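Participant: Take this structure, written in structure tokens, and hold onto it; I'll ask about it next.
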Amino acid sequence: MSNTPEHPATRAPVLVTMADDIPGHEVEAVIGIARGSVVRARFFGRDFVAGLRNLVGGEVSEYTKLMAEAREQALGRLVSHAEEMGADAVVTFRFSTAAVMEGTAEVLAYGTAVKLK
């Protein structure tokens, strides 16, 4: 067994869970906080259609899609950060959102990067 780091392409994917632990695995070490964020802005095309939907009620699917894309991008950045840290997993994963300025929102994905035995 070599002490050289594995090539990224041969590493197992980073496990991500909202739980405090991963069944069947034992945490060897806590590495630190892994995070990934994205700030997304609305744009006129979506705002126009969303405004029309707002008049008749119901789900504003344009914004639902925008926020889903932002969550996926933030999660991808969290996984990349955890990989850079040498983590095998991220436990206690969470999302957080905040308004940055009018018409923009930040989606932050964060959790505890750990090394598994």
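Ligands are numbered from 1 in the order shown, chains are lettered A, B, ... in the order of the structure tokens, and residues start at 1 in each chain.
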Which polymer residues have any atom within 7 Å of an atom of Leu78 (chain A), counting only C-alpha atoms, with same-chain residues fewer than 5 positions away left out, as a list in words?
Facilitator: Ala34, Arg35, Gly36, Ala109 and Tyr110 of chain A
Participant: Next, dump the selected residues to file, keeping only all heavy atoms, as an mmCIF file, in the first residue's frame.
Facilitator:
```cif
data_model
loop_
_atom_site.group_PDB
_atom_site.id
_atom_site.type_symbol
_atom_site.label_atom_id
_atom_site.label_comp_id
_atom_site.auth_asym_id
_atom_site.auth_seq_id
_atom_site.Cartn_x
_atom_site.Cartn_y
_atom_site.Cartn_z
ATOM 1 N N ALA A 34 -16.843 21.910 5.257
ATOM 2 C CA ALA A 34 -16.851 21.976 3.788
ATOM 3 C C ALA A 34 -18.035 22.841 3.401
ATOM 4 O O ALA A 34 -19.086 22.802 4.040
ATOM 5 C CB ALA A 34 -16.975 20.582 3.190
ATOM 6 N N ARG A 35 -17.865 23.632 2.363
ATOM 7 C CA ARG A 35 -18.949 24.521 1.960
ATOM 8 C C ARG A 35 -18.921 24.760 0.464
ATOM 9 O O ARG A 35 -17.898 24.588 -0.197
ATOM 10 C CB ARG A 35 -18.859 25.844 2.698
ATOM 11 C CG ARG A 35 -17.664 26.666 2.243
ATOM 12 C CD ARG A 35 -17.220 27.662 3.292
ATOM 13 N NE ARG A 35 -15.994 28.332 2.932
ATOM 14 C CZ ARG A 35 -14.794 27.785 2.859
ATOM 15 N NH1 ARG A 35 -14.636 26.506 3.069
ATOM 16 N NH2 ARG A 35 -13.743 28.483 2.540
ATOM 17 N N GLY A 36 -20.064 25.161 -0.038
ATOM 18 C CA GLY A 36 -20.194 25.551 -1.435
ATOM 19 C C GLY A 36 -21.357 26.515 -1.527
ATOM 20 O O GLY A 36 -22.399 26.289 -0.908
ATOM 21 N N ALA A 109 -24.429 25.551 0.817
ATOM 22 C CA ALA A 109 -24.438 24.149 1.241
ATOM 23 C C ALA A 109 -23.230 23.981 2.149
ATOM 24 O O ALA A 109 -22.140 24.401 1.805
ATOM 25 C CB ALA A 109 -24.332 23.229 0.021
ATOM 26 N N TYR A 110 -23.438 23.378 3.326
ATOM 27 C CA TYR A 110 -22.321 23.220 4.248
ATOM 28 C C TYR A 110 -22.481 21.955 5.088
ATOM 29 O O TYR A 110 -23.582 21.422 5.226
ATOM 30 C CB TYR A 110 -22.173 24.444 5.153
ATOM 31 C CG TYR A 110 -23.358 24.685 6.055
ATOM 32 C CD1 TYR A 110 -23.375 24.213 7.359
ATOM 33 C CD2 TYR A 110 -24.479 25.385 5.604
ATOM 34 C CE1 TYR A 110 -24.476 24.431 8.187
ATOM 35 C CE2 TYR A 110 -25.575 25.605 6.420
ATOM 36 C CZ TYR A 110 -25.557 25.129 7.716
ATOM 37 O OH TYR A 110 -26.636 25.332 8.537
#
```
Participant: Calculated over only C-alpha atoms, which of the candidates A:Met101, A:Leu116, A:Val107, A:Val16 has the smallest distance to Ala68 (chain A)?
Facilitator: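 Checking each of A:Met101, A:Leu116, A:Val107, A:Val16 against Ala68 (chain A), counting only C-alpha atoms, the winner is A:Val107.
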Participant: Between A:Val100, A:Val60, A:Met85, A:Leu75, which residue has the minimum interatomic distance to Gly32 (chain A), considering only C-alpha atoms?
Facilitator: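 Once distances to Gly32 (chain A) are computed over only C-alpha atoms, the minimum belongs to A:Met85.
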Participant: Rank A:Val90, A:Val39, A:Ser61, A:His81 by their smallest atom-to-atom distance to Met18 (chain A), using only C-alpha atoms, and report the top residue only.
Facilitator: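 Of A:Val90, A:Val39, A:Ser61, A:His81, the one nearest Met18 (chain A) is A:Val90, counting only C-alpha atoms.
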Participant: Quote the spacing between CA of Arg42 (chain A) and CA of Ser80 (chain A) in Å to one decimal place.
Facilitator: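 Distance reported for this atom pair: 25.7 Å.
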Participant: What's the 8 Å shell around Val27 (chain A), counting only C-alpha atoms, without same-chain residues fewer than 5 positions away, as number ranges by chain?
Facilitator: A: 21, 114-117
Participant: Please produce a file of those selected residues containing N, CA, C and O atoms, as an mmCIF file, in the first residue's frame.
Facilitator:
```cif
data_model
loop_
_atom_site.group_PDB
_atom_site.id
_atom_site.type_symbol
_atom_site.label_atom_id
_atom_site.label_comp_id
_atom_site.auth_asym_id
_atom_site.auth_seq_id
_atom_site.Cartn_x
_atom_site.Cartn_y
_atom_site.Cartn_z
ATOM 1 N N ASP A 21 -23.896 10.509 11.301
ATOM 2 C CA ASP A 21 -22.965 9.437 10.976
ATOM 3 C C ASP A 21 -23.440 8.706 9.726
ATOM 4 O O ASP A 21 -24.512 9.001 9.199
ATOM 5 N N VAL A 114 -15.316 14.749 6.791
ATOM 6 C CA VAL A 114 -14.685 13.736 7.647
ATOM 7 C C VAL A 114 -13.903 12.726 6.818
ATOM 8 O O VAL A 114 -14.150 12.536 5.632
ATOM 9 N N LYS A 115 -12.983 12.080 7.489
ATOM 10 C CA LYS A 115 -12.230 10.956 6.922
ATOM 11 C C LYS A 115 -12.793 9.704 7.575
ATOM 12 O O LYS A 115 -13.012 9.661 8.785
ATOM 13 N N LEU A 116 -13.101 8.691 6.767
ATOM 14 C CA LEU A 116 -13.658 7.441 7.279
ATOM 15 C C LEU A 116 -12.558 6.400 7.458
ATOM 16 O O LEU A 116 -11.554 6.422 6.746
ATOM 17 N N LYS A 117 -12.787 5.466 8.397
ATOM 18 C CA LYS A 117 -11.841 4.351 8.589
ATOM 19 C C LYS A 117 -12.021 3.349 7.482
ATOM 20 O O LYS A 117 -13.078 3.152 6.960
#
```
Participant: Counting only C-alpha atoms, which of A:Thr112, A:Ala12, A:Arg40, A:Pro23 gets nearest to Ala82 (chain A)?
Facilitator: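 Nearest to Ala82 (chain A): A:Thr112.
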Participant: What is the CA of Glu62 (chain A)-CA of Ala98 (chain A) distance in Å, reported with one decimal?
Facilitator: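 Distance reported for this atom pair: 18.6 Å.
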